[in-house]
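Data first, discussion second: the structure below is written as structure tokens.
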Amino acid sequence: MVNTQEINQLLDYLDVPMALPYDSEEASSTAPEADAQSESIISSLDTSMHSLAREMVASAAQEGIQLRITSGYRSPSSQDKIYQQGRTVEGPVVTNARPGYSKHNFGVAFDVAPIKDGKVYYPNDTALWKRIGQIGKSLGLKWGGDWSKPDLLHFEHPIFEMKDLLMGKAQTMYSRENLDFIAKNKYARMEILGLMKHF
């Protein structure tokens, strides 16, 4: 079995910014804790994300920024509800990811928001969001703020690529559920075939 040191050496060689935490008791017992609401959402994520999410909250706190994890794993049906907003349901569009195509569906993405007076808020403060993004990126996370259509709240695992998740080359604790959904959904299967042409 490969140990953590060997994994870190391999990731250093590949120039990956950080090692996967994997599902080791050592990693989970030493990771800092977030507030109860964040912890509830963190527990919904794939185990590879637990320490990363906690480190994100802890690192922001060290800089005087109180963060809460506001979204973690989403089932395909909950992703569909979010996707329909601004399309078939009233409200602003909040995602362009159809059910099955979000890293939230695989449990390897989370959203954050600052806390003020114990409540989540979404400030119109570019400098603050950039700093939050830099904190996440310093931990090796990918930040949605770097996308062509920025999603400032969104952070995801640095290793998992969507094409690998969809093709089953990379797996999380939610892969089977998500891929089963896609297999039963004709539209989703056609979408994947179209996407594969771009990889």
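Residues in the structure tokens are numbered from 1 in each chain, the chains being A, B, ... in the order shown, and ligands are numbered from 1 in the order shown.
On the backbone of this structure, DSSP gives strand (DSSP E or B) within region 38-128 of chain A to Leu67, Arg68, Ile69, Thr70, Ser71, Gln85, Val89, Ala109, Phe110, Asp111, Val112, Ala113, Pro114, Ile115, Lys116, Lys119 and Val120 of chain A.
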Please save N, CA and C atoms of the selected residues as a PDB file, in the first residue's frame.
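As written to disk, out-v3.pdb reads:
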```
ATOM      1  N   LEU A  67     -15.400  32.608   7.708  1.00  0.00           N
ATOM      2  CA  LEU A  67     -16.100  31.979   6.584  1.00  0.00           C
ATOM      3  C   LEU A  67     -16.997  30.861   7.070  1.00  0.00           C
ATOM      4  N   ARG A  68     -18.017  30.611   6.299  1.00  0.00           N
ATOM      5  CA  ARG A  68     -18.868  29.446   6.521  1.00  0.00           C
ATOM      6  C   ARG A  68     -18.947  28.673   5.205  1.00  0.00           C
ATOM      7  N   ILE A  69     -18.888  27.357   5.290  1.00  0.00           N
ATOM      8  CA  ILE A  69     -19.139  26.515   4.128  1.00  0.00           C
ATOM      9  C   ILE A  69     -20.655  26.506   3.934  1.00  0.00           C
ATOM     10  N   THR A  70     -21.110  26.949   2.771  1.00  0.00           N
ATOM     11  CA  THR A  70     -22.548  27.109   2.548  1.00  0.00           C
ATOM     12  C   THR A  70     -23.161  26.033   1.661  1.00  0.00           C
ATOM     13  N   SER A  71     -22.324  25.310   0.926  1.00  0.00           N
ATOM     14  CA  SER A  71     -22.823  24.247   0.055  1.00  0.00           C
ATOM     15  C   SER A  71     -21.713  23.235  -0.138  1.00  0.00           C
ATOM     16  N   GLN A  85     -33.397  27.138 -11.602  1.00  0.00           N
ATOM     17  CA  GLN A  85     -33.613  28.518 -11.160  1.00  0.00           C
ATOM     18  C   GLN A  85     -33.118  29.476 -12.240  1.00  0.00           C
ATOM     19  N   VAL A  89     -37.807  28.131 -13.322  1.00  0.00           N
ATOM     20  CA  VAL A  89     -38.250  28.596 -12.009  1.00  0.00           C
ATOM     21  C   VAL A  89     -37.789  30.043 -11.847  1.00  0.00           C
ATOM     22  N   ALA A 109     -16.462  19.588  -4.293  1.00  0.00           N
ATOM     23  CA  ALA A 109     -16.532  21.046  -4.399  1.00  0.00           C
ATOM     24  C   ALA A 109     -17.366  21.585  -3.246  1.00  0.00           C
ATOM     25  N   PHE A 110     -17.024  22.792  -2.834  1.00  0.00           N
ATOM     26  CA  PHE A 110     -17.826  23.468  -1.809  1.00  0.00           C
ATOM     27  C   PHE A 110     -17.862  24.959  -2.096  1.00  0.00           C
ATOM     28  N   ASP A 111     -18.877  25.615  -1.545  1.00  0.00           N
ATOM     29  CA  ASP A 111     -19.021  27.065  -1.647  1.00  0.00           C
ATOM     30  C   ASP A 111     -18.834  27.665  -0.270  1.00  0.00           C
ATOM     31  N   VAL A 112     -18.348  28.904  -0.238  1.00  0.00           N
ATOM     32  CA  VAL A 112     -18.145  29.607   1.030  1.00  0.00           C
ATOM     33  C   VAL A 112     -18.809  30.979   0.972  1.00  0.00           C
ATOM     34  N   ALA A 113     -18.986  31.560   2.129  1.00  0.00           N
ATOM     35  CA  ALA A 113     -19.433  32.954   2.236  1.00  0.00           C
ATOM     36  C   ALA A 113     -18.911  33.505   3.554  1.00  0.00           C
ATOM     37  N   PRO A 114     -18.617  34.798   3.591  1.00  0.00           N
ATOM     38  CA  PRO A 114     -18.198  35.413   4.856  1.00  0.00           C
ATOM     39  C   PRO A 114     -19.351  35.446   5.860  1.00  0.00           C
ATOM     40  N   ILE A 115     -18.987  35.541   7.121  1.00  0.00           N
ATOM     41  CA  ILE A 115     -19.972  35.659   8.206  1.00  0.00           C
ATOM     42  C   ILE A 115     -19.799  37.035   8.845  1.00  0.00           C
ATOM     43  N   LYS A 116     -20.919  37.685   9.090  1.00  0.00           N
ATOM     44  CA  LYS A 116     -20.908  38.970   9.793  1.00  0.00           C
ATOM     45  C   LYS A 116     -22.009  38.924  10.839  1.00  0.00           C
ATOM     46  N   LYS A 119     -24.056  35.800  10.812  1.00  0.00           N
ATOM     47  CA  LYS A 119     -24.882  35.471   9.650  1.00  0.00           C
ATOM     48  C   LYS A 119     -24.065  35.541   8.371  1.00  0.00           C
ATOM     49  N   VAL A 120     -24.413  34.660   7.435  1.00  0.00           N
ATOM     50  CA  VAL A 120     -23.775  34.659   6.117  1.00  0.00           C
ATOM     51  C   VAL A 120     -24.207  35.899   5.354  1.00  0.00           C
TER      52      VAL A 120
END
```
Q: Among the residues of region 126-179 of chain A, find those DSSP assigns to helix (DSSP H, G or I) from the backbone and print them as a PyMOL selection string.
A: chain A and resi 126-138+144-146+162-166+175-179
Q) Any idea what's packed within 12 Å of Glu156 (chain A), counting only C-alpha atoms, ignoring anything in its chain fewer than 2 positions away? Could you give it as a PyMOL selection string? A) chain A and resi 45-46+48-50+52-53+56+71-73+102-112+133+136-137+139-146+151-154+158-162
